Amino acid sequence: MMYSNFKQQAIEYVKQAVQEDTAGNYAKAFPLYMNALEYFKTHLKYENDPKIREAITQKFTEYLRRAEEIRAVLDEGRAGPAASGGASAVQPPPKTKLMEGEGEGEGEDDMETQLSGAKAL
């Protein structure tokens with residue numbers, strides 16, 4: 001399944017985005033979130049399993065919301081701790097599960113397994 005490469009690439013971008021986001025590097029995190037969203041969007045075009053589509057759509061919405069929050073901060077001219085004297089300009093993302101890996105049988109239980117690993121909105 002070639003479309004799984006889109007999901008894997010999206011996950012890699014999300015991991016990097018969350019790492020930068022958590023460190024307060026919003027100017028770096030924003031484009032990483034946006035790249036991840038593009039790859040998730042492309043993956044959704046090819047995903048046929050409704051449970052997986054629902055899980056990805058939910059994560060997509062969370063990452064989009066976080067990207068919008070960061071964009072608002074960047075638009076105000078604050079790029080993170082370095083630009084604001086060390087104080088966080090945006091609340092850090094709460095700890096949640098991140099989509100990871102590719103299960104061979106991607107049912108609901110497998111998807112829960114995939115939704116672990118990093119912090120995100």
# chains A, B, ... in the order shown; residues from 1 in each chain; ligands from 1

$ residues_around --residues "Tyr13 (chain A)" --least-positions-apart "3" --cutoff "12 Å" --atoms "only C-alpha atoms" --output "PyMOL selection string"
chain A and resi 6-10+16-21+28-40+63+98-100+118+120

$ atom_distance --atom1 "CA of Thr57 (chain A)" --atom2 "CA of Leu44 (chain A)"
7.9 Å

$ closest_residue --among "A:Tyr26, A:Lys51, A:Lys45, A:Glu62" --to "Asp75 (chain A)" --atoms "only C-alpha atoms"
A:Tyr26
